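*Asks:* Structure file start_35.csv, CSV, C-alpha atoms and all ligand atoms, is pasted below:
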```csv
chain,number,residue,atom,x,y,z
A,310,GLY,CA,-20.9,5.4,-17.8
A,311,ARG,CA,-18.0,7.9,-18.1
A,312,THR,CA,-20.0,11.1,-17.6
A,313,GLU,CA,-21.8,9.6,-14.7
A,314,TYR,CA,-18.4,8.8,-13.0
A,315,ALA,CA,-17.2,12.3,-13.8
A,316,LYS,CA,-19.5,13.8,-11.1
A,317,PHE,CA,-17.8,11.7,-8.5
A,318,ARG,CA,-14.3,13.0,-9.4
A,319,ASP,CA,-14.3,15.9,-7.0
A,320,VAL,CA,-16.3,14.4,-4.2
A,321,LEU,CA,-14.7,12.4,-1.4
A,322,ALA,CA,-15.4,8.7,-1.1
A,323,GLN,CA,-18.2,8.0,1.3
A,324,THR,CA,-20.9,5.4,1.8
A,325,SER,CA,-24.6,6.3,1.6
A,326,ASP,CA,-24.7,6.0,5.4
A,327,GLY,CA,-22.0,8.6,5.8
A,328,VAL,CA,-18.8,6.6,6.5
A,329,ARG,CA,-15.8,8.3,5.0
A,330,VAL,CA,-12.8,6.4,3.6
A,331,LYS,CA,-9.8,7.9,1.9
A,332,LEU,CA,-9.6,6.6,-1.6
A,333,HIS,CA,-6.0,6.6,-2.9
A,334,ALA,CA,-4.4,5.2,-6.1
A,335,ASN,CA,-1.6,2.7,-6.6
A,336,ALA,CA,0.9,4.1,-9.1
A,337,GLY,CA,4.2,3.3,-10.6
A,338,LEU,CA,4.5,5.0,-14.0
A,339,ALA,CA,3.8,8.6,-14.9
A,340,SER,CA,0.7,7.4,-16.8
A,341,ASP,CA,-0.8,5.9,-13.5
A,342,LEU,CA,-0.3,9.3,-11.9
A,343,THR,CA,-2.1,11.1,-14.6
A,344,VAL,CA,-5.1,8.6,-14.5
A,345,ALA,CA,-5.1,8.8,-10.7
A,346,ARG,CA,-5.4,12.6,-11.0
A,347,GLU,CA,-8.1,12.5,-13.7
A,348,ASN,CA,-10.1,9.9,-11.7
A,349,GLY,CA,-10.1,11.9,-8.5
A,350,ALA,CA,-7.7,9.9,-6.3
A,351,GLU,CA,-7.2,11.7,-3.0
A,352,GLY,CA,-3.5,10.9,-3.1
A,353,ILE,CA,-1.1,8.1,-4.0
A,354,GLY,CA,-1.4,5.3,-1.4
A,355,LEU,CA,1.3,3.2,-2.9
A,356,TYR,CA,3.9,4.6,-5.3
A,357,ARG,CA,5.7,1.5,-6.5
A,358,SER,CA,9.1,3.1,-7.0
A,359,GLU,CA,10.6,0.0,-8.6
A,360,TYR,CA,8.5,0.5,-11.7
A,361,PRO,CA,10.4,3.3,-13.3
A,362,PHE,CA,13.5,1.2,-12.7
A,363,ILE,CA,12.0,-1.9,-14.3
A,364,VAL,CA,10.7,-0.1,-17.4
A,365,ARG,CA,14.2,1.4,-18.0
A,366,ASN,CA,15.8,-1.9,-17.1
A,367,ALA,CA,18.4,0.1,-15.3
A,368,PHE,CA,19.1,2.0,-12.1
A,369,PRO,CA,18.4,5.7,-12.8
A,370,THR,CA,20.9,8.2,-11.3
A,371,ARG,CA,19.9,10.3,-8.3
A,372,GLY,CA,19.3,13.2,-10.6
A,373,GLU,CA,17.1,11.1,-12.9
A,374,GLN,CA,15.1,9.9,-9.9
A,375,VAL,CA,14.5,13.5,-8.7
A,376,HIS,CA,12.9,14.1,-12.1
A,377,ILE,CA,10.8,11.0,-11.9
A,378,TYR,CA,9.5,11.7,-8.3
A,379,SER,CA,8.9,15.4,-9.1
A,380,LYS,CA,6.3,14.3,-11.5
A,381,ALA,CA,4.3,12.8,-8.6
A,382,TYR,CA,4.5,16.1,-6.7
A,383,GLU,CA,3.4,18.0,-9.8
A,384,LEU,CA,0.3,15.9,-10.1
A,385,PHE,CA,-0.4,15.7,-6.4
A,386,PRO,CA,1.0,18.9,-5.0
A,387,ASP,CA,-1.0,18.5,-1.8
A,388,GLY,CA,-0.2,14.9,-1.5
A,389,PRO,CA,-0.3,12.6,0.2
A,390,ILE,CA,2.1,10.5,-1.8
A,391,GLN,CA,3.4,7.3,-0.1
A,392,PHE,CA,6.6,6.5,-1.8
A,393,ARG,CA,7.6,2.9,-1.2
A,394,ILE,CA,11.3,2.3,-1.3
A,395,LEU,CA,12.7,-0.2,-3.8
A,396,ASP,CA,10.9,-3.6,-3.5
A,397,LEU,CA,13.0,-5.7,-5.8
A,398,ALA,CA,11.8,-9.3,-5.9
A,399,GLY,CA,11.1,-12.2,-8.1
A,400,ASP,CA,8.2,-10.3,-9.7
A,401,LYS,CA,10.0,-7.0,-9.7
A,402,PHE,CA,13.6,-7.0,-10.9
A,403,VAL,CA,15.9,-4.9,-12.9
A,404,GLY,CA,17.7,-6.8,-15.6
A,405,SER,CA,21.0,-4.9,-16.1
A,406,ARG,CA,21.9,-5.7,-12.5
A,407,PRO,CA,19.6,-8.6,-11.6
A,408,LEU,CA,19.1,-7.7,-8.0
A,409,GLY,CA,16.1,-9.2,-6.6
A,410,ALA,CA,16.1,-12.0,-9.1
A,411,GLY,CA,17.2,-15.5,-8.6
A,412,ARG,CA,16.5,-18.5,-6.4
A,413,SER,CA,15.1,-16.9,-3.3
A,414,ALA,CA,13.7,-13.8,-4.9
A,415,PHE,CA,10.2,-14.5,-3.5
A,416,HIS,CA,11.1,-15.9,-0.2
A,417,GLY,CA,14.2,-14.5,1.4
A,418,TYR,CA,16.6,-12.4,-0.6
A,419,ARG,CA,14.3,-9.6,-1.7
A,420,SER,CA,13.2,-6.1,-1.0
A,421,ILE,CA,14.9,-4.3,1.9
A,422,ARG,CA,17.3,-7.3,2.3
A,423,VAL,CA,18.7,-6.5,-1.1
A,424,LEU,CA,19.1,-2.9,0.0
A,425,PHE,CA,21.1,-3.9,3.1
A,426,ASP,CA,23.7,-5.2,0.6
A,427,HIS,CA,23.4,-2.2,-1.7
A,428,PRO,CA,23.1,0.8,0.6
A,429,ASP,CA,24.0,3.1,-2.2
A,430,LEU,CA,20.7,2.3,-3.9
A,431,LEU,CA,18.7,3.3,-0.9
A,432,ARG,CA,20.8,6.4,-0.2
A,433,ASP,CA,20.3,7.7,-3.8
A,434,GLN,CA,16.6,7.0,-3.7
A,435,VAL,CA,16.0,8.6,-0.3
A,436,GLN,CA,18.0,11.7,-1.3
A,437,ALA,CA,16.2,11.9,-4.6
A,438,LEU,CA,12.9,11.7,-2.8
A,439,ALA,CA,13.9,14.5,-0.3
A,440,ILE,CA,15.1,16.7,-3.2
A,441,ALA,CA,11.9,16.1,-5.2
A,442,ALA,CA,9.8,16.9,-2.1
A,443,GLY,CA,11.7,20.1,-1.6
A,444,GLY,CA,10.3,20.8,1.8
A,445,ARG,CA,6.8,19.4,1.1
A,446,PRO,CA,5.6,16.5,3.2
A,447,LEU,CA,7.4,13.3,2.4
A,448,ARG,CA,6.0,9.9,3.2
A,449,ILE,CA,8.3,6.9,2.8
A,450,LEU,CA,6.8,3.4,2.9
A,451,ILE,CA,9.0,0.4,3.9
A,452,PRO,CA,8.1,-2.9,2.2
A,453,MET,CA,8.4,-6.4,3.5
A,454,VAL,CA,8.9,-5.6,7.1
A,455,THR,CA,9.4,-8.9,9.0
A,456,SER,CA,11.2,-7.8,12.2
A,457,ILE,CA,11.8,-4.7,14.4
A,458,GLU,CA,15.5,-5.1,13.8
A,459,GLU,CA,15.2,-4.8,10.0
A,460,LEU,CA,12.7,-2.0,10.3
A,461,ARG,CA,15.1,0.0,12.6
A,462,ARG,CA,18.0,-0.7,10.3
A,463,VAL,CA,16.1,0.7,7.3
A,464,LYS,CA,15.0,3.7,9.4
A,465,THR,CA,18.6,4.4,10.3
A,466,MET,CA,19.7,4.1,6.7
A,467,ILE,CA,17.0,6.6,5.7
A,468,ARG,CA,18.1,9.1,8.4
A,469,GLN,CA,21.7,8.7,7.4
A,470,ALA,CA,20.9,9.3,3.8
A,471,LEU,CA,19.0,12.5,4.7
A,472,ASP,CA,21.8,13.7,7.0
A,473,ALA,CA,24.3,13.2,4.2
A,474,LEU,CA,22.4,15.3,1.7
A,475,ASP,CA,24.9,17.8,0.2
A,476,GLU,CA,22.5,20.5,-0.8
A,477,PRO,CA,20.8,22.4,2.0
A,478,ILE,CA,17.1,21.9,1.3
A,479,ALA,CA,14.4,22.9,3.6
A,480,GLN,CA,13.5,19.6,5.0
A,481,ARG,CA,11.0,18.2,7.3
A,482,ALA,CA,11.4,14.7,8.8
A,483,PRO,CA,9.7,12.3,6.6
A,484,GLN,CA,6.7,10.3,7.8
A,485,ILE,CA,7.6,6.7,7.8
A,486,GLY,CA,5.2,3.8,7.1
A,487,ALA,CA,5.5,0.1,7.3
A,488,MET,CA,3.9,-2.4,4.9
A,489,ILE,CA,2.2,-5.2,6.7
A,490,GLU,CA,2.4,-8.0,4.1
A,491,VAL,CA,4.0,-11.0,5.8
A,492,PRO,CA,2.4,-13.0,8.7
A,493,ALA,CA,5.3,-12.0,11.1
A,494,ALA,CA,4.4,-8.3,10.6
A,495,VAL,CA,0.8,-9.0,11.5
A,496,GLU,CA,1.9,-10.7,14.7
A,497,LEU,CA,4.2,-7.7,15.5
A,498,ALA,CA,1.7,-5.0,14.2
A,499,ALA,CA,1.4,-3.3,17.6
A,500,ASP,CA,5.1,-3.1,18.0
A,501,ILE,CA,5.7,-2.0,14.4
A,502,ALA,CA,3.0,0.7,14.8
A,503,LYS,CA,5.0,2.3,17.6
A,504,GLU,CA,8.1,2.5,15.4
A,505,VAL,CA,6.4,4.2,12.5
A,506,ASP,CA,3.9,6.9,11.6
A,507,PHE,CA,1.4,4.8,9.6
A,508,LEU,CA,0.7,1.2,8.4
A,509,SER,CA,-0.2,-0.1,5.0
A,510,ILE,CA,-1.5,-3.6,4.5
A,511,GLY,CA,-0.3,-5.2,1.3
A,512,THR,CA,-2.9,-8.0,0.8
A,513,ASN,CA,-1.3,-9.2,-2.4
A,514,ASP,CA,1.7,-10.5,-0.6
A,515,LEU,CA,0.0,-11.1,2.7
A,516,MET,CA,-2.4,-13.6,0.9
A,517,GLN,CA,0.5,-15.1,-1.0
A,518,TYR,CA,2.6,-15.7,2.2
A,519,THR,CA,-0.3,-16.7,4.4
A,520,LEU,CA,-2.4,-18.8,2.2
A,521,LEU,CA,0.5,-20.6,0.5
A,522,LEU,CA,-0.3,-19.1,-2.9
A,523,ASP,CA,1.9,-18.0,-5.7
A,524,ARG,CA,0.5,-14.7,-6.9
A,525,GLU,CA,2.0,-15.1,-10.3
A,526,ASP,CA,0.5,-18.5,-10.9
A,527,PRO,CA,-2.9,-18.4,-12.6
A,528,ARG,CA,-3.8,-21.7,-11.1
A,529,MET,CA,-3.8,-20.1,-7.7
A,530,ALA,CA,-6.1,-17.2,-8.7
A,531,GLN,CA,-9.3,-19.1,-7.6
A,532,MET,CA,-7.8,-19.8,-4.1
A,533,SER,CA,-6.9,-16.2,-3.6
A,534,ASP,CA,-10.0,-15.4,-1.5
A,535,PRO,CA,-10.1,-12.3,0.6
A,536,TYR,CA,-12.9,-13.8,2.6
A,537,HIS,CA,-10.5,-16.4,3.9
A,538,PRO,CA,-11.0,-16.1,7.7
A,539,ALA,CA,-7.3,-16.0,8.3
A,540,ILE,CA,-7.0,-12.9,6.1
A,541,LEU,CA,-10.0,-11.1,7.5
A,542,ARG,CA,-8.9,-11.8,11.1
A,543,MET,CA,-5.4,-10.6,10.3
A,544,ILE,CA,-6.7,-7.4,8.8
A,545,ALA,CA,-8.9,-6.8,11.9
A,546,ARG,CA,-5.9,-7.3,14.2
A,547,VAL,CA,-3.7,-4.9,12.3
A,548,VAL,CA,-6.4,-2.3,12.4
A,549,THR,CA,-6.8,-2.7,16.1
A,550,ALA,CA,-3.0,-2.5,16.6
A,551,ALA,CA,-2.6,0.6,14.4
A,552,HIS,CA,-5.5,2.4,16.0
A,553,GLY,CA,-4.3,1.4,19.5
A,554,ALA,CA,-1.0,3.2,18.7
A,555,GLY,CA,-2.9,6.2,17.2
A,556,ARG,CA,-1.7,5.3,13.7
A,557,SER,CA,-3.7,5.2,10.5
A,558,VAL,CA,-3.9,2.1,8.4
A,559,GLY,CA,-4.6,1.5,4.8
A,560,VAL,CA,-5.0,-1.5,2.5
A,561,CYS,CA,-3.2,-1.3,-0.9
A,562,GLY,CA,-3.6,-4.8,-2.3
A,563,GLU,CA,-5.7,-5.4,-5.4
A,564,ILE,CA,-8.6,-6.9,-3.4
A,565,ALA,CA,-9.5,-3.4,-2.1
A,566,SER,CA,-10.8,-2.4,-5.6
A,567,ARG,CA,-13.7,-5.0,-5.3
A,568,THR,CA,-16.7,-3.1,-4.0
A,569,ASP,CA,-17.8,-6.0,-1.8
A,570,VAL,CA,-14.4,-6.4,-0.3
A,571,ALA,CA,-13.9,-2.6,0.1
A,572,LEU,CA,-17.1,-2.5,2.2
A,573,VAL,CA,-15.8,-5.2,4.5
A,574,LEU,CA,-12.5,-3.4,4.8
A,575,ILE,CA,-14.3,-0.2,5.8
A,576,ALA,CA,-16.4,-2.1,8.2
A,577,LEU,CA,-13.2,-3.5,9.8
A,578,GLY,CA,-12.1,0.1,10.3
A,579,VAL,CA,-9.5,0.6,7.6
A,580,ASP,CA,-8.8,4.3,7.1
A,581,SER,CA,-7.8,4.3,3.5
A,582,LEU,CA,-8.0,2.1,0.4
A,583,SER,CA,-5.4,2.3,-2.4
A,584,VAL,CA,-6.4,0.8,-5.7
A,585,ALA,CA,-5.6,0.8,-9.4
A,586,PRO,CA,-6.3,4.3,-10.7
A,587,THR,CA,-8.7,3.0,-13.3
A,588,ALA,CA,-10.8,1.4,-10.5
A,589,ILE,CA,-11.5,4.6,-8.7
A,590,PRO,CA,-14.6,6.1,-10.4
A,591,GLU,CA,-16.5,2.8,-10.2
A,592,LEU,CA,-15.6,2.1,-6.7
A,593,LYS,CA,-16.5,5.6,-5.5
A,594,GLN,CA,-19.8,5.3,-7.2
A,595,ALA,CA,-20.5,1.9,-5.7
A,596,LEU,CA,-19.6,3.0,-2.2
A,597,ALA,CA,-21.9,6.0,-2.5
A,598,ARG,CA,-24.7,3.6,-3.0
A,599,ALA,CA,-23.8,1.2,-0.3
A,600,ARG,CA,-24.3,1.1,3.4
A,601,VAL,CA,-21.7,-0.1,5.9
A,602,HIS,CA,-23.3,0.3,9.4
A,603,SER,CA,-25.1,-3.0,9.5
A,604,MET,CA,-22.0,-4.8,8.3
A,605,ARG,CA,-20.0,-3.1,11.0
A,606,ARG,CA,-22.3,-4.4,13.6
A,607,ALA,CA,-21.9,-7.9,12.2
A,608,VAL,CA,-18.1,-7.8,12.3
A,609,PRO,CA,-17.6,-9.8,15.5
A,610,GLU,CA,-20.0,-12.5,14.3
A,611,ILE,CA,-18.3,-12.6,10.9
A,612,LEU,CA,-14.8,-12.8,12.4
A,613,ALA,CA,-15.9,-15.8,14.4
A,614,LEU,CA,-16.8,-17.8,11.3
A,615,SER,CA,-14.2,-20.3,10.2
A,616,ASP,CA,-14.8,-20.7,6.4
A,617,ALA,CA,-14.8,-18.3,3.6
A,618,ARG,CA,-18.2,-19.5,2.2
A,619,SER,CA,-20.0,-18.9,5.5
A,620,ILE,CA,-18.4,-15.5,5.7
A,621,ALA,CA,-19.5,-14.5,2.2
A,622,VAL,CA,-23.1,-15.6,3.1
A,623,ALA,CA,-23.0,-13.7,6.4
A,624,LEU,CA,-21.7,-10.6,4.7
A,625,ARG,CA,-24.4,-10.6,2.1
A,626,ALA,CA,-27.0,-11.0,4.8
A,627,ALA,CA,-25.5,-8.2,6.9
A,628,GLN,CA,-25.5,-5.9,3.9
A,629,SER,CA,-29.1,-6.4,3.1
A,630,ALA,CA,-30.1,-6.2,6.8
B,1,LIG,C1,0.9,-6.0,-1.9
B,1,LIG,O1,1.8,-6.8,-1.7
B,1,LIG,O2,-0.3,-6.2,-1.6
B,1,LIG,C2,1.2,-4.7,-2.5
B,1,LIG,C3,0.3,-3.8,-2.5
B,1,LIG,O3,2.4,-4.5,-3.0
B,1,LIG,P1,2.9,-5.2,-4.4
B,1,LIG,O4,1.7,-5.7,-5.1
B,1,LIG,O5,3.6,-4.1,-5.1
B,1,LIG,O6,3.8,-6.3,-3.9
B,2,MG,MG,3.9,-6.5,-1.8
```
In structure tokens, what does this structure look like?
Ligand code: PEP
Ligand code: MG

*Replies:*
Amino acid sequence: GRTEYAKFRDVLAQTSDGVRVKLHANAGLASDLTVARENGAEGIGLYRSEYPFIVRNAFPTRGEQVHIYSKAYELFPDGPIQFRILDLAGDKFVGSRPLGAGRSAFHGYRSIRVLFDHPDLLRDQVQALAIAAGGRPLRILIPMVTSIEELRRVKTMIRQALDALDEPIAQRAPQIGAMIEVPAAVELAADIAKEVDFLSIGTNDLMQYTLLLDREDPRMAQMSDPYHPAILRMIARVVTAAHGAGRSVGVCGEIASRTDVALVLIALGVDSLSVAPTAIPELKQALARARVHSMRRAVPEILALSDARSIAVALRAAQSA
């Protein structure tokens, strides 16, 4: 119950056999931030910056954005807060200027590609983030990375936006992260890791684009299986690539809030999980009761299996081993 969860609020997430994982929250609106704080999130793993735009159905000015992002710093003064730059798409668009909507809004003309055509949007946002940070650590997450060229182009735009800031604010260079959420980024994970400070795996889109699923279509929900061997192997490869480059890697898709899946992700070596703020107390409690060492030993065998059902069976066996 609620009071039982309360005692987990101030303890760090850890399995009963002592494996630590950072437990962060996904947030978009101010209410998410509040719940994340109340539920003992260690930080914001994914700040979906398009949400405040979507609810207003408009593009807030730089000043308005400063106000919005400051709220996150108020609630998480010690961070970390990973602000994802605008990820406009078929499932995330702003009506008054329907960028990110339209025919190829899921596959093609979305996210950073929209920003390439509207550099003013990215400039205002990056400057607002820097002003809101006011010298505190700033972490900027780049969505939908598909190539090194596009990644470098966004990084340059971010640097230019910061260089062009009119007010002299004490600034540190932001930490830059890349979302790994399309198959091309998995393939390039080691190269991407060298270009950035951290990686974040977005399994919602990675599953959509890898498994030929439409995340908005309820008929596909059943097929959206995190135990699909392609997905587990991809996650394992990204973890290896990130750690090989000395970078941390998190998972911020919805699957991370399932206890069974969270344990597999921890066994695969993922450093942090970012989940819906409401899912945190239950997940923390479940992890505190679970063990991960035996599952970790079974990872090579599990990754060699070729169907999701066998994987689920092997995982259950490993957990009770
Ligand atoms: C994802 O794609 O898994 C993700 C976390 O981002 P979003 O759900 O906002 O696309
Ligand atoms: Mg995504």

*Asks:* Can you tell me which residues sit at most 12 Å away from ligand MG 2 (chain B), counting all atoms listed in the file, written as a PDB file with C-alpha atoms, in the coordinates of the input?

*Replies:*
```
ATOM      1  CA  ASN A 335      -1.600   2.700  -6.600  1.00  0.00           C
ATOM      2  CA  LEU A 355       1.300   3.200  -2.900  1.00  0.00           C
ATOM      3  CA  TYR A 356       3.900   4.600  -5.300  1.00  0.00           C
ATOM      4  CA  ARG A 357       5.700   1.500  -6.500  1.00  0.00           C
ATOM      5  CA  GLU A 359      10.600   0.000  -8.600  1.00  0.00           C
ATOM      6  CA  ARG A 393       7.600   2.900  -1.200  1.00  0.00           C
ATOM      7  CA  ILE A 394      11.300   2.300  -1.300  1.00  0.00           C
ATOM      8  CA  LEU A 395      12.700  -0.200  -3.800  1.00  0.00           C
ATOM      9  CA  ASP A 396      10.900  -3.600  -3.500  1.00  0.00           C
ATOM     10  CA  LEU A 397      13.000  -5.700  -5.800  1.00  0.00           C
ATOM     11  CA  ALA A 398      11.800  -9.300  -5.900  1.00  0.00           C
ATOM     12  CA  GLY A 399      11.100 -12.200  -8.100  1.00  0.00           C
ATOM     13  CA  ASP A 400       8.200 -10.300  -9.700  1.00  0.00           C
ATOM     14  CA  LYS A 401      10.000  -7.000  -9.700  1.00  0.00           C
ATOM     15  CA  PHE A 415      10.200 -14.500  -3.500  1.00  0.00           C
ATOM     16  CA  HIS A 416      11.100 -15.900  -0.200  1.00  0.00           C
ATOM     17  CA  ARG A 419      14.300  -9.600  -1.700  1.00  0.00           C
ATOM     18  CA  SER A 420      13.200  -6.100  -1.000  1.00  0.00           C
ATOM     19  CA  ILE A 421      14.900  -4.300   1.900  1.00  0.00           C
ATOM     20  CA  LEU A 450       6.800   3.400   2.900  1.00  0.00           C
ATOM     21  CA  ILE A 451       9.000   0.400   3.900  1.00  0.00           C
ATOM     22  CA  PRO A 452       8.100  -2.900   2.200  1.00  0.00           C
ATOM     23  CA  MET A 453       8.400  -6.400   3.500  1.00  0.00           C
ATOM     24  CA  VAL A 454       8.900  -5.600   7.100  1.00  0.00           C
ATOM     25  CA  ALA A 487       5.500   0.100   7.300  1.00  0.00           C
ATOM     26  CA  MET A 488       3.900  -2.400   4.900  1.00  0.00           C
ATOM     27  CA  ILE A 489       2.200  -5.200   6.700  1.00  0.00           C
ATOM     28  CA  GLU A 490       2.400  -8.000   4.100  1.00  0.00           C
ATOM     29  CA  VAL A 491       4.000 -11.000   5.800  1.00  0.00           C
ATOM     30  CA  SER A 509      -0.200  -0.100   5.000  1.00  0.00           C
ATOM     31  CA  ILE A 510      -1.500  -3.600   4.500  1.00  0.00           C
ATOM     32  CA  GLY A 511      -0.300  -5.200   1.300  1.00  0.00           C
ATOM     33  CA  THR A 512      -2.900  -8.000   0.800  1.00  0.00           C
ATOM     34  CA  ASN A 513      -1.300  -9.200  -2.400  1.00  0.00           C
ATOM     35  CA  ASP A 514       1.700 -10.500  -0.600  1.00  0.00           C
ATOM     36  CA  LEU A 515       0.000 -11.100   2.700  1.00  0.00           C
ATOM     37  CA  MET A 516      -2.400 -13.600   0.900  1.00  0.00           C
ATOM     38  CA  GLN A 517       0.500 -15.100  -1.000  1.00  0.00           C
ATOM     39  CA  TYR A 518       2.600 -15.700   2.200  1.00  0.00           C
ATOM     40  CA  ARG A 524       0.500 -14.700  -6.900  1.00  0.00           C
ATOM     41  CA  VAL A 560      -5.000  -1.500   2.500  1.00  0.00           C
ATOM     42  CA  CYS A 561      -3.200  -1.300  -0.900  1.00  0.00           C
ATOM     43  CA  GLY A 562      -3.600  -4.800  -2.300  1.00  0.00           C
ATOM     44  CA  GLU A 563      -5.700  -5.400  -5.400  1.00  0.00           C
TER      45      GLU A 563
END
```

*Asks:* Considering only C-alpha atoms and all ligand atoms, state which residue in the set A:Gly354, A:Val330, A:Asp472, A:Gln484 is at the smallest distance from ligand LIG 1 (chain B).

*Replies:*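 Ranking A:Gly354, A:Val330, A:Asp472, A:Gln484 by distance to ligand LIG 1 (chain B), first place goes to A:Gly354.
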
*Asks:* Quick one: distance from atom CA of A:Val463 to atom O2 of ligand LIG 1 (chain B) in Å, one decimal?

*Replies:*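 Between atom CA of A:Val463 and atom O2 of ligand LIG 1 (chain B) the gap works out to 19.9 Å.
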
*Asks:* Any idea what's packed within 12 Å of A:Leu614, counting all atoms listed in the file, ignoring anything in its chain fewer than 2 positions away? Could you give it as a PDB file with C-alpha atoms, in the frame of the given file?

*Replies:*
```
ATOM      1  CA  TYR A 536     -12.900 -13.800   2.600  1.00  0.00           C
ATOM      2  CA  HIS A 537     -10.500 -16.400   3.900  1.00  0.00           C
ATOM      3  CA  PRO A 538     -11.000 -16.100   7.700  1.00  0.00           C
ATOM      4  CA  ALA A 539      -7.300 -16.000   8.300  1.00  0.00           C
ATOM      5  CA  LEU A 541     -10.000 -11.100   7.500  1.00  0.00           C
ATOM      6  CA  ARG A 542      -8.900 -11.800  11.100  1.00  0.00           C
ATOM      7  CA  ALA A 607     -21.900  -7.900  12.200  1.00  0.00           C
ATOM      8  CA  VAL A 608     -18.100  -7.800  12.300  1.00  0.00           C
ATOM      9  CA  PRO A 609     -17.600  -9.800  15.500  1.00  0.00           C
ATOM     10  CA  GLU A 610     -20.000 -12.500  14.300  1.00  0.00           C
ATOM     11  CA  ILE A 611     -18.300 -12.600  10.900  1.00  0.00           C
ATOM     12  CA  LEU A 612     -14.800 -12.800  12.400  1.00  0.00           C
ATOM     13  CA  ASP A 616     -14.800 -20.700   6.400  1.00  0.00           C
ATOM     14  CA  ALA A 617     -14.800 -18.300   3.600  1.00  0.00           C
ATOM     15  CA  ARG A 618     -18.200 -19.500   2.200  1.00  0.00           C
ATOM     16  CA  SER A 619     -20.000 -18.900   5.500  1.00  0.00           C
ATOM     17  CA  ILE A 620     -18.400 -15.500   5.700  1.00  0.00           C
ATOM     18  CA  ALA A 621     -19.500 -14.500   2.200  1.00  0.00           C
ATOM     19  CA  VAL A 622     -23.100 -15.600   3.100  1.00  0.00           C
ATOM     20  CA  ALA A 623     -23.000 -13.700   6.400  1.00  0.00           C
ATOM     21  CA  LEU A 624     -21.700 -10.600   4.700  1.00  0.00           C
TER      22      LEU A 624
END
```

*Asks:* Quick check, in Å to one decimal: how far apart do atom CA of A:Leu572 and atom CA of A:His333 lie?

*Replies:* 15.2 Å

*Asks:* Calculated over only C-alpha atoms, which of the candidates A:Leu332, A:Met529, A:Leu384, A:Ala545 has the smallest distance to A:Val320?

*Replies:* A:Leu332

*Asks:* For ligand LIG 1 (chain B), which of A:Ala334, A:Ile457, A:Ala576, A:Leu430 is the closest residue, counting only C-alpha atoms and all ligand atoms?

*Replies:* A:Ala334

*Asks:* Which residue gives the smallest distance to ligand LIG 1 (chain B) among A:Leu447, A:Thr465, A:Ala551, A:Ala336, with only C-alpha atoms and all ligand atoms counted?

*Replies:*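 Going through A:Leu447, A:Thr465, A:Ala551, A:Ala336 one by one, the smallest distance to ligand LIG 1 (chain B) is for A:Ala336.
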
*Asks:* Select, counting only C-alpha atoms, all protein, DNA and RNA residues no farther than 10 Å from (-19.1, 0.1, 14.3) in file coordinates, and express the selection as a ChimeraX atom specification.

*Replies:* /A:575-578,601-608

*Asks:* For the selection you just gave me, I'd like the residues written to a file as a CSV table (one decimal), keeping the file's coordinate frame, keeping C-alpha atoms.

*Replies:*
```
chain,number,residue,atom,x,y,z
A,575,ILE,CA,-14.3,-0.2,5.8
A,576,ALA,CA,-16.4,-2.1,8.2
A,577,LEU,CA,-13.2,-3.5,9.8
A,578,GLY,CA,-12.1,0.1,10.3
A,601,VAL,CA,-21.7,-0.1,5.9
A,602,HIS,CA,-23.3,0.3,9.4
A,603,SER,CA,-25.1,-3.0,9.5
A,604,MET,CA,-22.0,-4.8,8.3
A,605,ARG,CA,-20.0,-3.1,11.0
A,606,ARG,CA,-22.3,-4.4,13.6
A,607,ALA,CA,-21.9,-7.9,12.2
A,608,VAL,CA,-18.1,-7.8,12.3
```

*Asks:* Mind giving me the straight-line distance from atom CA of A:Ser533 to atom CA of A:Leu520 in Å, one decimal?

*Replies:* 7.8 Å

*Asks:* List as a list in words the residues having at least one atom at most 8 Å from position (6.6, 6.7, -14.3) as given in the file, counting all atoms listed in the file.

*Replies:*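 The requested residues, written out, are Gly337, Leu338, Ala339, Ser340, Asp341, Leu342, Tyr360, Pro361 and Ile377 of chain A.
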
*Asks:* Would you mind telling me which residue in A:Lys503, A:Arg462, A:Lys316, A:Arg365 lies nearest to A:Arg556 when using all atoms listed in the file?

*Replies:*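 When distances to A:Arg556 are compared using all atoms listed in the file, the smallest one comes from A:Lys503.
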
*Asks:* Go through A:Ser566, A:Gln436, A:Gln594, A:Ser557 one by one, measure the shortest atom-to-atom distance of each to ligand LIG 1 (chain B) using all atoms listed in the file, and give the residue with the smallest value.

*Replies:*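 Using all atoms listed in the file, the shortest distance to ligand LIG 1 (chain B) belongs to A:Ser566.
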
*Asks:* Quick one: residues within 7 Å of A:Arg371, only C-alpha atoms, excluding same-chain residues fewer than 2 positions away - as a PyMOL selection string?

*Replies:* chain A and resi 369+373-375+433-434+437

*Asks:* Would you pick out the contacts of A:Ser456 at 9 Å or less, using all atoms listed in the file, so that residues sharing its chain but fewer than 4 positions from it are not included, and give the list as a PyMOL selection string?

*Replies:* chain A and resi 460-461+493-494+497+501

*Asks:* Okay, now the selection with C-alpha atoms, as a JSON list (two decimals), in the frame of the given file?

*Replies:*
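File part_37.json, as written:
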```
[["chain", "number", "residue", "atom", "x", "y", "z"],
["A", 460, "LEU", "CA", 12.70, -2.00, 10.30],
["A", 461, "ARG", "CA", 15.10, 0.00, 12.60],
["A", 493, "ALA", "CA", 5.30, -12.00, 11.10],
["A", 494, "ALA", "CA", 4.40, -8.30, 10.60],
["A", 497, "LEU", "CA", 4.20, -7.70, 15.50],
["A", 501, "ILE", "CA", 5.70, -2.00, 14.40]]
```

*Asks:* Which residues, written as a list in words, have at least one atom at most 9 Å from A:Phe317, with only C-alpha atoms counted and residues fewer than 4 positions away on the same chain left out?

*Replies:*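 These residues fall inside the cut-off: Glu313, Leu321, Ala322, Asn348, Gly349, Pro590, Lys593 and Gln594 of chain A.
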